[in-house]
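**Student:** Input: one structure, supplied below.
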Amino acid sequence: QVQLVESGGGLVQAGGSLRLSCTASGRTSFSRYAMGWFRQAPGKEREFVAGITWSGDSTHYADSVKGRFTISRDYAKNTVYLQMNSLKPEDTAVYYCARSNTAFTGVPSTQDNYAYWGQGTQVTVSS
């Protein structure tokens, strides 16, 4: 089984920064799978935010966060990060990390291509 645990959420003013972490444990085979970050705001569907390939050589972002958010991964720590800068009130959501369900592929942007999910961490951006 694979466990994903997010951390780093909190309350920040608009224009501020946060860094989210997601650590994988269990039979994760972390280095073989793309990892993604999604978010879900109240009353809205969960949406793709960012993803990184299994090799770490390619990243993908939602248009709404391009230039502000950066995804990265540390293989030694089985951890994926989401650095969030220039935060806006519309970034307020619960953020989830997820592991893709197919090894050695690119970054999926749809939820059904991810097999394992964390419990989520709340990010609140005040205006």
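Chains: A, B, ... in order of the structure tokens. Residues: from 1 per chain. Ligands: from 1, in order shown.
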Using only C-alpha atoms, what table do you get, as CSV, when you list each residue of region 71-114 of chain A with an atom no more than 6 Å from region 40-49 of chain A, its nearest pair of atoms, and their distance in Å rounded to one decimal, rows by chain then rising number?
**Tutor:**
```
residue,atom,partner,partner_atom,distance
A:Ala93,CA,A:Ala41,CA,4.2
A:Val94,CA,A:Gln40,CA,5.3
A:Ser109,CA,A:Phe48,CA,5.8
```
**Student:** Which residues, written as a PyMOL selection string, have at least one atom at most 6 Å from Ala34 (chain A), with only C-alpha atoms counted and residues fewer than 5 positions away on the same chain left out?
**Tutor:** chain A and resi 52-54+100+107
**Student:** With a cut-off of 9 Å, could you pull out the residues of region 34-57 of chain A touching region 79-84 of chain A and give me the nearest pair of atoms for each, distance in Å to one decimal, using only C-alpha atoms, ordered by chain and ascending number, as JSON lines?
**Tutor:**
```
{"residue": "A:Met35", "atom": "CA", "partner": "A:Val80", "partner_atom": "CA", "distance": 7.3}
{"residue": "A:Gly36", "atom": "CA", "partner": "A:Val80", "partner_atom": "CA", "distance": 8.6}
{"residue": "A:Trp37", "atom": "CA", "partner": "A:Leu82", "partner_atom": "CA", "distance": 7.7}
{"residue": "A:Ala50", "atom": "CA", "partner": "A:Leu82", "partner_atom": "CA", "distance": 8.1}
{"residue": "A:Ile52", "atom": "CA", "partner": "A:Val80", "partner_atom": "CA", "distance": 8.8}
```
**Student:** From the list A:Pro89, A:Gly56, A:Gly67, A:Gly16, which residue is nearest Ser127 (chain A) when using only C-alpha atoms?
**Tutor:**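 The closest residue to Ser127 (chain A) is A:Pro89.
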**Student:** Smallest atom-to-atom distance to Arg68 (chain A): which of A:Thr121, A:Ser17, A:Thr23, A:Gln1, using only C-alpha atoms?
**Tutor:**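 Among the listed residues, A:Ser17 lies closest to Arg68 (chain A).
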**Student:** DSSP on the backbone: which residues in region 7-112 of chain A end up as strand (DSSP E or B)? Give the answer as a PDB file with N, CA and C atoms, in the first residue's frame.
**Tutor:**
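The resulting file, result-v7.pdb, is shown below:
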```
ATOM      1  N   SER A   7       1.808  18.334   3.885  1.00  0.00           N
ATOM      2  CA  SER A   7       2.017  19.291   4.966  1.00  0.00           C
ATOM      3  C   SER A   7       2.379  20.635   4.358  1.00  0.00           C
ATOM      4  N   GLY A  10      -1.634  26.458   5.268  1.00  0.00           N
ATOM      5  CA  GLY A  10      -1.848  27.442   6.309  1.00  0.00           C
ATOM      6  C   GLY A  10      -2.554  28.670   5.786  1.00  0.00           C
ATOM      7  N   LEU A  11      -2.518  29.715   6.605  1.00  0.00           N
ATOM      8  CA  LEU A  11      -3.137  30.992   6.270  1.00  0.00           C
ATOM      9  C   LEU A  11      -2.046  31.982   5.888  1.00  0.00           C
ATOM     10  N   VAL A  12      -2.219  32.636   4.753  1.00  0.00           N
ATOM     11  CA  VAL A  12      -1.219  33.601   4.269  1.00  0.00           C
ATOM     12  C   VAL A  12      -1.946  34.761   3.613  1.00  0.00           C
ATOM     13  N   GLN A  13      -1.324  35.926   3.657  1.00  0.00           N
ATOM     14  CA  GLN A  13      -1.901  37.078   2.981  1.00  0.00           C
ATOM     15  C   GLN A  13      -1.632  37.020   1.489  1.00  0.00           C
ATOM     16  N   LEU A  18       3.887  29.989   0.195  1.00  0.00           N
ATOM     17  CA  LEU A  18       3.859  28.771   0.993  1.00  0.00           C
ATOM     18  C   LEU A  18       4.552  27.681   0.205  1.00  0.00           C
ATOM     19  N   ARG A  19       5.108  26.716   0.941  1.00  0.00           N
ATOM     20  CA  ARG A  19       5.640  25.532   0.276  1.00  0.00           C
ATOM     21  C   ARG A  19       4.958  24.310   0.856  1.00  0.00           C
ATOM     22  N   LEU A  20       4.291  23.573  -0.004  1.00  0.00           N
ATOM     23  CA  LEU A  20       3.653  22.328   0.391  1.00  0.00           C
ATOM     24  C   LEU A  20       4.610  21.164   0.158  1.00  0.00           C
ATOM     25  N   SER A  21       4.514  20.184   1.040  1.00  0.00           N
ATOM     26  CA  SER A  21       5.306  18.963   0.900  1.00  0.00           C
ATOM     27  C   SER A  21       4.372  17.768   0.893  1.00  0.00           C
ATOM     28  N   CYS A  22       4.776  16.738   0.198  1.00  0.00           N
ATOM     29  CA  CYS A  22       4.023  15.487   0.162  1.00  0.00           C
ATOM     30  C   CYS A  22       5.042  14.353   0.217  1.00  0.00           C
ATOM     31  N   THR A  23       5.000  13.594   1.298  1.00  0.00           N
ATOM     32  CA  THR A  23       5.945  12.499   1.483  1.00  0.00           C
ATOM     33  C   THR A  23       5.249  11.170   1.284  1.00  0.00           C
ATOM     34  N   ALA A  24       5.856  10.327   0.466  1.00  0.00           N
ATOM     35  CA  ALA A  24       5.308   9.018   0.161  1.00  0.00           C
ATOM     36  C   ALA A  24       5.981   7.957   1.015  1.00  0.00           C
ATOM     37  N   SER A  25       5.195   6.976   1.445  1.00  0.00           N
ATOM     38  CA  SER A  25       5.739   5.855   2.211  1.00  0.00           C
ATOM     39  C   SER A  25       5.009   4.588   1.801  1.00  0.00           C
ATOM     40  N   GLY A  26       5.528   3.468   2.274  1.00  0.00           N
ATOM     41  CA  GLY A  26       4.961   2.191   1.887  1.00  0.00           C
ATOM     42  C   GLY A  26       5.573   1.700   0.584  1.00  0.00           C
ATOM     43  N   TYR A  33       7.017   6.891 -10.815  1.00  0.00           N
ATOM     44  CA  TYR A  33       5.701   7.439 -11.126  1.00  0.00           C
ATOM     45  C   TYR A  33       5.696   8.961 -11.142  1.00  0.00           C
ATOM     46  N   ALA A  34       4.890   9.486 -12.069  1.00  0.00           N
ATOM     47  CA  ALA A  34       4.623  10.922 -12.033  1.00  0.00           C
ATOM     48  C   ALA A  34       3.832  11.263 -10.776  1.00  0.00           C
ATOM     49  N   MET A  35       4.028  12.479 -10.315  1.00  0.00           N
ATOM     50  CA  MET A  35       3.320  12.970  -9.145  1.00  0.00           C
ATOM     51  C   MET A  35       2.582  14.250  -9.514  1.00  0.00           C
ATOM     52  N   GLY A  36       1.439  14.448  -8.908  1.00  0.00           N
ATOM     53  CA  GLY A  36       0.655  15.637  -9.213  1.00  0.00           C
ATOM     54  C   GLY A  36       0.106  16.301  -7.966  1.00  0.00           C
ATOM     55  N   TRP A  37      -0.203  17.563  -8.125  1.00  0.00           N
ATOM     56  CA  TRP A  37      -0.928  18.333  -7.110  1.00  0.00           C
ATOM     57  C   TRP A  37      -2.263  18.770  -7.718  1.00  0.00           C
ATOM     58  N   PHE A  38      -3.304  18.589  -6.922  1.00  0.00           N
ATOM     59  CA  PHE A  38      -4.645  19.037  -7.285  1.00  0.00           C
ATOM     60  C   PHE A  38      -5.148  19.936  -6.168  1.00  0.00           C
ATOM     61  N   ARG A  39      -6.222  20.639  -6.419  1.00  0.00           N
ATOM     62  CA  ARG A  39      -6.844  21.439  -5.371  1.00  0.00           C
ATOM     63  C   ARG A  39      -8.360  21.459  -5.560  1.00  0.00           C
ATOM     64  N   GLN A  40      -9.036  21.668  -4.446  1.00  0.00           N
ATOM     65  CA  GLN A  40     -10.485  21.750  -4.486  1.00  0.00           C
ATOM     66  C   GLN A  40     -10.943  22.888  -3.584  1.00  0.00           C
ATOM     67  N   GLU A  47      -9.401  20.222  -9.168  1.00  0.00           N
ATOM     68  CA  GLU A  47      -8.743  20.564 -10.426  1.00  0.00           C
ATOM     69  C   GLU A  47      -7.239  20.319 -10.339  1.00  0.00           C
ATOM     70  N   PHE A  48      -6.673  20.040 -11.493  1.00  0.00           N
ATOM     71  CA  PHE A  48      -5.227  19.829 -11.610  1.00  0.00           C
ATOM     72  C   PHE A  48      -4.509  21.159 -11.413  1.00  0.00           C
ATOM     73  N   VAL A  49      -3.409  21.108 -10.665  1.00  0.00           N
ATOM     74  CA  VAL A  49      -2.606  22.293 -10.425  1.00  0.00           C
ATOM     75  C   VAL A  49      -1.232  22.168 -11.076  1.00  0.00           C
ATOM     76  N   ALA A  50      -0.546  21.060 -10.785  1.00  0.00           N
ATOM     77  CA  ALA A  50       0.816  20.896 -11.299  1.00  0.00           C
ATOM     78  C   ALA A  50       1.191  19.427 -11.257  1.00  0.00           C
ATOM     79  N   GLY A  51       2.138  19.044 -12.112  1.00  0.00           N
ATOM     80  CA  GLY A  51       2.607  17.673 -12.112  1.00  0.00           C
ATOM     81  C   GLY A  51       4.050  17.607 -12.555  1.00  0.00           C
ATOM     82  N   ILE A  52       4.710  16.521 -12.179  1.00  0.00           N
ATOM     83  CA  ILE A  52       6.112  16.317 -12.530  1.00  0.00           C
ATOM     84  C   ILE A  52       6.291  14.878 -12.964  1.00  0.00           C
ATOM     85  N   THR A  59       7.818  19.297 -16.203  1.00  0.00           N
ATOM     86  CA  THR A  59       6.751  19.720 -15.303  1.00  0.00           C
ATOM     87  C   THR A  59       5.604  20.325 -16.105  1.00  0.00           C
ATOM     88  N   HIS A  60       4.430  20.302 -15.526  1.00  0.00           N
ATOM     89  CA  HIS A  60       3.249  20.831 -16.190  1.00  0.00           C
ATOM     90  C   HIS A  60       2.416  21.584 -15.171  1.00  0.00           C
ATOM     91  N   TYR A  61       1.797  22.669 -15.638  1.00  0.00           N
ATOM     92  CA  TYR A  61       1.043  23.521 -14.729  1.00  0.00           C
ATOM     93  C   TYR A  61      -0.289  23.930 -15.344  1.00  0.00           C
ATOM     94  N   PHE A  69       3.714  29.061  -9.347  1.00  0.00           N
ATOM     95  CA  PHE A  69       3.924  27.821  -8.614  1.00  0.00           C
ATOM     96  C   PHE A  69       5.041  27.017  -9.281  1.00  0.00           C
ATOM     97  N   THR A  70       5.780  26.269  -8.459  1.00  0.00           N
ATOM     98  CA  THR A  70       6.839  25.395  -8.959  1.00  0.00           C
ATOM     99  C   THR A  70       6.758  24.054  -8.256  1.00  0.00           C
ATOM    100  N   ILE A  71       6.699  22.994  -9.042  1.00  0.00           N
ATOM    101  CA  ILE A  71       6.698  21.640  -8.491  1.00  0.00           C
ATOM    102  C   ILE A  71       8.098  21.050  -8.637  1.00  0.00           C
ATOM    103  N   SER A  72       8.500  20.293  -7.628  1.00  0.00           N
ATOM    104  CA  SER A  72       9.807  19.625  -7.667  1.00  0.00           C
ATOM    105  C   SER A  72       9.707  18.346  -6.856  1.00  0.00           C
ATOM    106  N   ARG A  73      10.738  17.497  -6.968  1.00  0.00           N
ATOM    107  CA  ARG A  73      10.722  16.254  -6.215  1.00  0.00           C
ATOM    108  C   ARG A  73      12.112  15.912  -5.734  1.00  0.00           C
ATOM    109  N   ASP A  74      12.168  15.247  -4.590  1.00  0.00           N
ATOM    110  CA  ASP A  74      13.419  14.806  -3.975  1.00  0.00           C
ATOM    111  C   ASP A  74      13.320  13.296  -3.826  1.00  0.00           C
ATOM    112  N   THR A  79       9.749  12.682  -1.599  1.00  0.00           N
ATOM    113  CA  THR A  79       8.913  13.848  -1.339  1.00  0.00           C
ATOM    114  C   THR A  79       8.763  14.693  -2.594  1.00  0.00           C
ATOM    115  N   VAL A  80       7.570  15.211  -2.789  1.00  0.00           N
ATOM    116  CA  VAL A  80       7.305  16.161  -3.861  1.00  0.00           C
ATOM    117  C   VAL A  80       6.868  17.463  -3.209  1.00  0.00           C
ATOM    118  N   TYR A  81       7.298  18.570  -3.790  1.00  0.00           N
ATOM    119  CA  TYR A  81       7.032  19.888  -3.231  1.00  0.00           C
ATOM    120  C   TYR A  81       6.208  20.734  -4.203  1.00  0.00           C
ATOM    121  N   LEU A  82       5.493  21.674  -3.647  1.00  0.00           N
ATOM    122  CA  LEU A  82       4.823  22.688  -4.453  1.00  0.00           C
ATOM    123  C   LEU A  82       5.128  24.042  -3.821  1.00  0.00           C
ATOM    124  N   GLN A  83       6.010  24.785  -4.465  1.00  0.00           N
ATOM    125  CA  GLN A  83       6.329  26.133  -4.016  1.00  0.00           C
ATOM    126  C   GLN A  83       5.309  27.077  -4.632  1.00  0.00           C
ATOM    127  N   MET A  84       4.623  27.801  -3.776  1.00  0.00           N
ATOM    128  CA  MET A  84       3.557  28.691  -4.233  1.00  0.00           C
ATOM    129  C   MET A  84       3.915  30.124  -3.866  1.00  0.00           C
ATOM    130  N   ALA A  93      -7.944  26.787  -1.165  1.00  0.00           N
ATOM    131  CA  ALA A  93      -8.476  25.460  -1.476  1.00  0.00           C
ATOM    132  C   ALA A  93      -7.799  24.442  -0.561  1.00  0.00           C
ATOM    133  N   VAL A  94      -8.325  23.236  -0.602  1.00  0.00           N
ATOM    134  CA  VAL A  94      -7.606  22.096  -0.039  1.00  0.00           C
ATOM    135  C   VAL A  94      -6.732  21.530  -1.158  1.00  0.00           C
ATOM    136  N   TYR A  95      -5.466  21.368  -0.865  1.00  0.00           N
ATOM    137  CA  TYR A  95      -4.498  20.881  -1.847  1.00  0.00           C
ATOM    138  C   TYR A  95      -4.174  19.412  -1.564  1.00  0.00           C
ATOM    139  N   TYR A  96      -4.217  18.619  -2.633  1.00  0.00           N
ATOM    140  CA  TYR A  96      -3.963  17.192  -2.531  1.00  0.00           C
ATOM    141  C   TYR A  96      -2.791  16.802  -3.426  1.00  0.00           C
ATOM    142  N   CYS A  97      -1.948  15.912  -2.941  1.00  0.00           N
ATOM    143  CA  CYS A  97      -0.966  15.322  -3.839  1.00  0.00           C
ATOM    144  C   CYS A  97      -1.446  13.925  -4.216  1.00  0.00           C
ATOM    145  N   ALA A  98      -0.948  13.461  -5.348  1.00  0.00           N
ATOM    146  CA  ALA A  98      -1.381  12.172  -5.855  1.00  0.00           C
ATOM    147  C   ALA A  98      -0.264  11.526  -6.653  1.00  0.00           C
ATOM    148  N   ARG A  99      -0.281  10.193  -6.679  1.00  0.00           N
ATOM    149  CA  ARG A  99       0.686   9.432  -7.469  1.00  0.00           C
ATOM    150  C   ARG A  99      -0.025   8.824  -8.660  1.00  0.00           C
ATOM    151  N   SER A 100       0.569   8.948  -9.823  1.00  0.00           N
ATOM    152  CA  SER A 100      -0.060   8.408 -11.021  1.00  0.00           C
ATOM    153  C   SER A 100      -0.158   6.899 -10.943  1.00  0.00           C
ATOM    154  N   ASN A 101      -1.027   6.330 -11.763  1.00  0.00           N
ATOM    155  CA  ASN A 101      -1.268   4.890 -11.668  1.00  0.00           C
ATOM    156  C   ASN A 101      -0.492   4.074 -12.685  1.00  0.00           C
ATOM    157  N   THR A 102       0.317   4.722 -13.503  1.00  0.00           N
ATOM    158  CA  THR A 102       1.104   4.007 -14.496  1.00  0.00           C
ATOM    159  C   THR A 102       2.552   4.474 -14.430  1.00  0.00           C
ATOM    160  N   ALA A 103       3.461   3.517 -14.322  1.00  0.00           N
ATOM    161  CA  ALA A 103       4.871   3.857 -14.187  1.00  0.00           C
ATOM    162  C   ALA A 103       5.460   4.337 -15.508  1.00  0.00           C
TER     163      ALA A 103
END
```
**Student:** Would you give me, as a ChimeraX atom specification, the residues in region 46-119 of chain A that DSSP reads as helix (DSSP H, G or I)?
**Tutor:** /A:89-91,111-113
**Student:** Write out, as a PDB file, in the first residue's frame, the residues just selected, with all heavy atoms.
**Tutor:**
```pdb
ATOM      1  N   PRO A  89      -6.220  35.243  -3.407  1.00  0.00           N
ATOM      2  CA  PRO A  89      -7.368  34.670  -2.690  1.00  0.00           C
ATOM      3  C   PRO A  89      -8.007  33.507  -3.438  1.00  0.00           C
ATOM      4  O   PRO A  89      -8.487  32.555  -2.800  1.00  0.00           O
ATOM      5  CB  PRO A  89      -8.323  35.860  -2.574  1.00  0.00           C
ATOM      6  CG  PRO A  89      -7.426  37.054  -2.542  1.00  0.00           C
ATOM      7  CD  PRO A  89      -6.300  36.712  -3.479  1.00  0.00           C
ATOM      8  N   GLU A  90      -7.976  33.547  -4.745  1.00  0.00           N
ATOM      9  CA  GLU A  90      -8.575  32.452  -5.526  1.00  0.00           C
ATOM     10  C   GLU A  90      -7.758  31.165  -5.484  1.00  0.00           C
ATOM     11  O   GLU A  90      -8.194  30.133  -5.998  1.00  0.00           O
ATOM     12  CB  GLU A  90      -8.813  32.882  -6.982  1.00  0.00           C
ATOM     13  CG  GLU A  90      -7.607  33.487  -7.656  1.00  0.00           C
ATOM     14  CD  GLU A  90      -7.620  35.002  -7.625  1.00  0.00           C
ATOM     15  OE1 GLU A  90      -7.952  35.574  -6.558  1.00  0.00           O
ATOM     16  OE2 GLU A  90      -7.289  35.625  -8.661  1.00  0.00           O
ATOM     17  N   ASP A  91      -6.595  31.204  -4.863  1.00  0.00           N
ATOM     18  CA  ASP A  91      -5.807  29.977  -4.653  1.00  0.00           C
ATOM     19  C   ASP A  91      -6.276  29.227  -3.401  1.00  0.00           C
ATOM     20  O   ASP A  91      -5.796  28.116  -3.132  1.00  0.00           O
ATOM     21  CB  ASP A  91      -4.324  30.309  -4.501  1.00  0.00           C
ATOM     22  CG  ASP A  91      -3.712  30.864  -5.776  1.00  0.00           C
ATOM     23  OD1 ASP A  91      -4.022  30.345  -6.867  1.00  0.00           O
ATOM     24  OD2 ASP A  91      -2.914  31.826  -5.677  1.00  0.00           O
ATOM     25  N   GLN A 111      -7.976  13.230 -12.833  1.00  0.00           N
ATOM     26  CA  GLN A 111      -7.935  12.530 -11.554  1.00  0.00           C
ATOM     27  C   GLN A 111      -7.942  11.019 -11.697  1.00  0.00           C
ATOM     28  O   GLN A 111      -7.290  10.322 -10.903  1.00  0.00           O
ATOM     29  CB  GLN A 111      -9.134  12.945 -10.708  1.00  0.00           C
ATOM     30  CG  GLN A 111      -9.184  14.408 -10.370  1.00  0.00           C
ATOM     31  CD  GLN A 111     -10.369  14.724  -9.495  1.00  0.00           C
ATOM     32  OE1 GLN A 111     -10.538  14.143  -8.432  1.00  0.00           O
ATOM     33  NE2 GLN A 111     -11.187  15.665  -9.942  1.00  0.00           N
ATOM     34  N   ASP A 112      -8.627  10.499 -12.692  1.00  0.00           N
ATOM     35  CA  ASP A 112      -8.754   9.048 -12.789  1.00  0.00           C
ATOM     36  C   ASP A 112      -7.462   8.368 -13.227  1.00  0.00           C
ATOM     37  O   ASP A 112      -7.399   7.138 -13.280  1.00  0.00           O
ATOM     38  CB  ASP A 112      -9.915   8.654 -13.699  1.00  0.00           C
ATOM     39  CG  ASP A 112      -9.827   9.274 -15.072  1.00  0.00           C
ATOM     40  OD1 ASP A 112      -8.851   9.992 -15.345  1.00  0.00           O
ATOM     41  OD2 ASP A 112     -10.746   9.040 -15.875  1.00  0.00           O
ATOM     42  N   ASN A 113      -6.440   9.153 -13.538  1.00  0.00           N
ATOM     43  CA  ASN A 113      -5.132   8.586 -13.862  1.00  0.00           C
ATOM     44  C   ASN A 113      -4.190   8.570 -12.659  1.00  0.00           C
ATOM     45  O   ASN A 113      -3.003   8.308 -12.812  1.00  0.00           O
ATOM     46  CB  ASN A 113      -4.488   9.364 -14.999  1.00  0.00           C
ATOM     47  CG  ASN A 113      -5.159   9.063 -16.327  1.00  0.00           C
ATOM     48  OD1 ASN A 113      -5.265   7.915 -16.721  1.00  0.00           O
ATOM     49  ND2 ASN A 113      -5.619  10.106 -17.001  1.00  0.00           N
TER      50      ASN A 113
END
```
**Student:** Go through A:Gln119, A:Ser126, A:Gln3, A:Ser31 one by one, measure the shortest atom-to-atom distance of each to Ala76 (chain A) using only C-alpha atoms, and give the residue with the smallest value.
**Tutor:**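 Closest to Ala76 (chain A), using only C-alpha atoms: A:Ser31.
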**Student:** Any idea what the distance is between CA of Gly106 (chain A) and CA of Tyr75 (chain A)?
**Tutor:**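 Straight-line distance from CA of Gly106 (chain A) to CA of Tyr75 (chain A) works out to 17.1 Å.
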**Student:** Between CA of Thr28 (chain A) and CA of Gly120 (chain A), what is the distance, to one decimal in Å?
**Tutor:**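 Result for CA of Thr28 (chain A) versus CA of Gly120 (chain A): 18.0 Å, one decimal.
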**Student:** Using CA of Ser55 (chain A) and CA of Leu4 (chain A) as the two end points, give the distance in Å to one decimal.
**Tutor:**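 Separation of CA of Ser55 (chain A) and CA of Leu4 (chain A): 18.8 Å.
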**Student:** Determine the nearest neighbour of Val123 (chain A) from the options A:Phe30, A:Phe104, A:Ser64, A:Thr92, counting only C-alpha atoms.
**Tutor:**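 Of the candidates, the smallest distance to Val123 (chain A) is held by A:Thr92.
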